[in-house]
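Visitor: Here it is: the structure, laid out below.
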Amino acid sequence: MKQLKGAFPVLITPMDQDGEINFNGLKQNIEHFIEHDVAGIVVNGSTGEFVSLTQEERFKVTQTAIAQVNGRIPLIVGTAAETTADAVVYTRQAEDAGADAALLINSYYAHPKDEEIYEHFKTVAESVSLPIMIYNNPFTSGVDIGQETILKVARDVENITHIKESSGEIRKVRDITRQGKGFLQTFCGADDLVLESLLVGATGWISVAGNVAPQLATDLFNCVQEGHYEKAWDLYDRILPLCNFLEGSGKYVQIVKRAMDLQGLAGGPSRKPRLPLTEEEDATLQEILDIMFALEK
């Protein structure tokens with residue numbers, strides 16, 4: 001098993017103007033991230049618009065990404081689905097294709113109770129042997145999974161090894177990390193709390209901002225690991241305006257795609273109902289990027 005540790009950009013799914021997936025662009029973006037020393041990448045996550053993709057498209061994104069990475073860095077595949085049966089299908093496909101781990105959130109429409117979430121995670125994880133990173137994000141799924149449920153399912157199911165914690169509650173990150181020591185590792189999933197999460201023991205970061213500034217995200221993580229805290233705070237100050245904009249805008253997918261386009265990378269439009277940035281939002285993004293990259297230099 002490859003080590004899952006560090007800053008992992010959660011990739012957008014680039015698209016052409018007609019809304020079709022730009023698979024060549026996906027390959028080029030992956031090369032860009034590898035050149036910038038990212039610890040790993042994630043595909044078919046929320047930032048990748050997985051809910052807007054067909055099953056066949058999700059399978060092809062997985063296969064394309066795995067072939068392009070070719071074992072050079074760890075690759076996590078999002079395998080979320082509304083039903084447990086569908087999540088099993090996606091997770092088995094990811095394993096068969098050669099993914100290093102799967103990222104799995106609870107049902108996002110049914111608003112399941114904790115005992116239902118426990119059974120969902122357990123059933124999907126036991127259908128495969130690859131590592132499972134469970135995912136708590138009440139803002140997108142409508143459910144804030146209880147801390148005890150998270151710890152219990154990780155204790156009970158051997159290949160549930162990580163959690164992406166995106167509740168925005170730093171005490172939850174702290175307590176899960178400390179109480180899960182030895183059987184569950186925590187990844188930060190809230191870009192605007194990444195340094196705080198790393199300081200309370202998180203060992204990774206599934207980063208939306210890492211699409212836009214992969215080297216900065218990587219350097220921030222590495223500074224914390226090396227104990228260079230003043231430099232880490234400096235890097236955090238540089239990237240935090242982007243993180244805040246992503247977390248607070250409701251348009252994190254469109255922001256990243258536009259930022260990729262502005263850097264000459266593959267972005268493109270999002271599928272409706274997502275609409276492009278307004279002129280004001282676009283101007284805000286460009287101002288943030290101008291300042292961030294000027295400071296980075």
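In the structure tokens, chains take the letters A, B, ... in the order shown, each chain's residues start at 1, and ligands count up from 1 in the order shown.
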What's the 10 Å shell around Cys223 in chain A, counting only C-alpha atoms, without same-chain residues fewer than 5 positions away, as a list of chain:residue names?
Guide: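 My reading of the contact set: A:Thr218, A:His228, A:Tyr229, A:Glu230, A:Lys231, A:Ala232, A:Trp233, A:Leu235.
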Visitor: Hey, what does DSSP flag as alpha helix (DSSP H) within range 63-207 of chain A? Can you give it to me as a PyMOL selection string?
Guide: chain A and resi 63-69+84-97+114-126+138-141+147-156+170-179+194-199
Visitor: May I have the residues within 6 Å of range 78-95 of chain A as a list of chain:residue names, using only C-alpha atoms and disregarding those fewer than 3 positions away in the same chain?
Guide: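 In the requested format, the answer is A:Asn44, A:Gly45, A:Gly98, A:Ala99, A:Ala102, A:Leu103, A:Leu104, A:Ile105, A:Ser107, A:His120, A:Val124.
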Visitor: Can you tell me, as an mmCIF file with C-alpha atoms, in the first residue's frame, what residues are no more than 12 Å from Glu119 in chain A when counting only C-alpha atoms, ignoring any on the same chain fewer than 6 positions away?
Guide:
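Once everything was written out, this is out_20.cif:
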data_model
loop_
_atom_site.group_PDB
_atom_site.id
_atom_site.type_symbol
_atom_site.label_atom_id
_atom_site.label_comp_id
_atom_site.auth_asym_id
_atom_site.auth_seq_id
_atom_site.Cartn_x
_atom_site.Cartn_y
_atom_site.Cartn_z
ATOM 1 C CA THR A 83 -27.076 4.116 -2.679
ATOM 2 C CA THR A 84 -24.807 1.596 -1.010
ATOM 3 C CA ALA A 85 -25.109 -0.770 -3.968
ATOM 4 C CA ASN A 106 -22.352 8.964 3.031
ATOM 5 C CA SER A 107 -25.562 9.185 1.022
ATOM 6 C CA PRO A 112 -29.090 8.902 6.765
ATOM 7 C CA LYS A 113 -28.795 8.405 10.504
ATOM 8 C CA ALA A 125 -15.348 -1.204 2.579
ATOM 9 C CA GLU A 126 -15.854 -4.934 3.049
ATOM 10 C CA THR A 149 -19.585 6.512 14.539
ATOM 11 C CA ILE A 150 -16.471 7.532 12.649
ATOM 12 C CA LYS A 152 -16.316 2.791 15.588
ATOM 13 C CA VAL A 153 -16.481 1.949 11.884
ATOM 14 C CA ALA A 154 -12.723 2.500 11.563
ATOM 15 C CA ASP A 156 -14.414 -2.454 13.182
ATOM 16 C CA VAL A 157 -13.366 -2.469 9.511
#
Visitor: Near Leu275 in chain A, counting only C-alpha atoms, which residues have an atom at most 9 Å away, once you skip same-chain residues fewer than 4 positions from it, shown as number ranges by chain?
Guide: A: 251, 254, 269-271
Visitor: Kindly indicate which residue among A:Ala202, A:Val173, A:Val253, A:Leu285 lies nearest to Pro273 in chain A, using only C-alpha atoms for the distances.
Guide: A:Val253
Visitor: Please run DSSP on the backbone and report, as a ChimeraX atom specification, all residues within range 10-224 of chain A that come out as strand (DSSP E or B).
Guide: /A:10,15,21,41-43,75-78,101-105,132-136,160-165,185-188,204-207
Visitor: Let me see the file: selected residues, N, CA and C atoms, as a short mmCIF file (atom, residue, chain, number, x, y, z; two decimals), in the first residue's frame.
Guide:
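So the final result, stored in again_18.cif, reads:
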data_model
loop_
_atom_site.label_atom_id
_atom_site.label_comp_id
_atom_site.auth_asym_id
_atom_site.auth_seq_id
_atom_site.Cartn_x
_atom_site.Cartn_y
_atom_site.Cartn_z
N VAL A 10 -7.54 17.80 -5.08
CA VAL A 10 -8.71 17.07 -5.54
C VAL A 10 -9.11 17.71 -6.87
N MET A 15 -13.35 20.26 -18.99
CA MET A 15 -14.35 20.05 -20.03
C MET A 15 -14.16 21.01 -21.18
N ILE A 21 -16.07 15.88 -21.55
CA ILE A 21 -14.85 15.82 -20.75
C ILE A 21 -13.62 15.93 -21.66
N ILE A 41 -2.92 12.68 -5.71
CA ILE A 41 -4.07 13.39 -6.26
C ILE A 41 -5.35 12.58 -6.01
N VAL A 42 -6.47 13.29 -6.15
CA VAL A 42 -7.80 12.68 -6.02
C VAL A 42 -8.60 13.03 -7.27
N VAL A 43 -9.29 12.05 -7.83
CA VAL A 43 -10.21 12.31 -8.94
C VAL A 43 -11.62 11.84 -8.55
N LEU A 75 -2.89 7.68 -5.92
CA LEU A 75 -4.11 8.19 -6.55
C LEU A 75 -5.33 7.67 -5.79
N ILE A 76 -6.12 8.59 -5.27
CA ILE A 76 -7.36 8.27 -4.59
C ILE A 76 -8.52 8.55 -5.53
N VAL A 77 -9.48 7.64 -5.59
CA VAL A 77 -10.64 7.80 -6.46
C VAL A 77 -11.89 7.98 -5.61
N GLY A 78 -12.64 9.04 -5.87
CA GLY A 78 -13.92 9.22 -5.22
C GLY A 78 -14.92 8.20 -5.74
N ALA A 101 -6.52 4.06 -3.24
CA ALA A 101 -7.50 4.17 -2.17
C ALA A 101 -8.78 4.74 -2.76
N ALA A 102 -9.87 4.61 -2.00
CA ALA A 102 -11.15 5.18 -2.40
C ALA A 102 -11.60 6.19 -1.36
N LEU A 103 -12.24 7.25 -1.82
CA LEU A 103 -12.80 8.30 -0.96
C LEU A 103 -14.31 8.15 -0.98
N LEU A 104 -14.91 7.96 0.20
CA LEU A 104 -16.32 7.57 0.27
C LEU A 104 -17.09 8.42 1.26
N ILE A 105 -18.08 9.15 0.77
CA ILE A 105 -18.96 9.92 1.63
C ILE A 105 -20.27 9.14 1.82
N ILE A 132 -9.81 2.57 2.41
CA ILE A 132 -10.97 3.46 2.28
C ILE A 132 -10.75 4.69 3.15
N MET A 133 -10.91 5.85 2.55
CA MET A 133 -10.93 7.11 3.28
C MET A 133 -12.39 7.56 3.36
N ILE A 134 -12.98 7.47 4.55
CA ILE A 134 -14.35 7.94 4.69
C ILE A 134 -14.34 9.47 4.75
N TYR A 135 -15.50 10.06 4.58
CA TYR A 135 -15.56 11.50 4.32
C TYR A 135 -16.74 12.08 5.07
N ASN A 136 -16.45 13.07 5.91
CA ASN A 136 -17.51 13.77 6.63
C ASN A 136 -17.58 15.21 6.13
N ILE A 160 -10.75 0.52 6.51
CA ILE A 160 -11.09 1.94 6.68
C ILE A 160 -9.95 2.55 7.48
N THR A 161 -9.08 3.26 6.77
CA THR A 161 -7.80 3.68 7.34
C THR A 161 -7.67 5.19 7.52
N HIS A 162 -8.51 5.98 6.84
CA HIS A 162 -8.39 7.42 6.86
C HIS A 162 -9.77 8.07 6.91
N ILE A 163 -9.78 9.31 7.35
CA ILE A 163 -10.98 10.13 7.24
C ILE A 163 -10.61 11.50 6.68
N LYS A 164 -11.42 11.97 5.76
CA LYS A 164 -11.36 13.36 5.31
C LYS A 164 -12.40 14.12 6.12
N GLU A 165 -11.94 14.98 7.01
CA GLU A 165 -12.83 15.68 7.94
C GLU A 165 -13.05 17.12 7.47
N GLN A 185 -6.18 7.66 10.32
CA GLN A 185 -5.45 8.90 10.07
C GLN A 185 -6.40 9.95 9.52
N THR A 186 -6.15 11.20 9.89
CA THR A 186 -7.03 12.29 9.52
C THR A 186 -6.43 13.13 8.39
N PHE A 187 -7.24 13.41 7.39
CA PHE A 187 -6.91 14.38 6.35
C PHE A 187 -7.83 15.58 6.52
N CYS A 188 -7.25 16.76 6.43
CA CYS A 188 -8.05 17.98 6.45
C CYS A 188 -8.82 18.10 5.14
N GLY A 204 -2.63 14.71 6.46
CA GLY A 204 -2.82 14.99 5.05
C GLY A 204 -3.84 16.08 4.83
N TRP A 205 -3.94 16.50 3.57
CA TRP A 205 -4.84 17.59 3.17
C TRP A 205 -5.38 17.28 1.79
N ILE A 206 -6.69 17.01 1.71
CA ILE A 206 -7.35 16.92 0.40
C ILE A 206 -7.71 18.35 0.03
N SER A 207 -6.99 18.92 -0.93
CA SER A 207 -6.97 20.36 -1.13
C SER A 207 -7.62 20.79 -2.43
#
Visitor: Report, in Å with one decimal, the straight-line distance from CA of Leu216 in chain A to CA of Tyr236 in chain A.
Guide: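 According to the coordinates, CA of Leu216 in chain A and CA of Tyr236 in chain A are separated by 8.7 Å.
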Visitor: Just the residues within 12 Å of Ser249 in chain A, please, counting only C-alpha atoms, with nothing from its chain fewer than 4 positions along; format it as an MDAnalysis selection string.
Guide: chainID A and resid 241:245 253:256 277:278 280:282 284:285
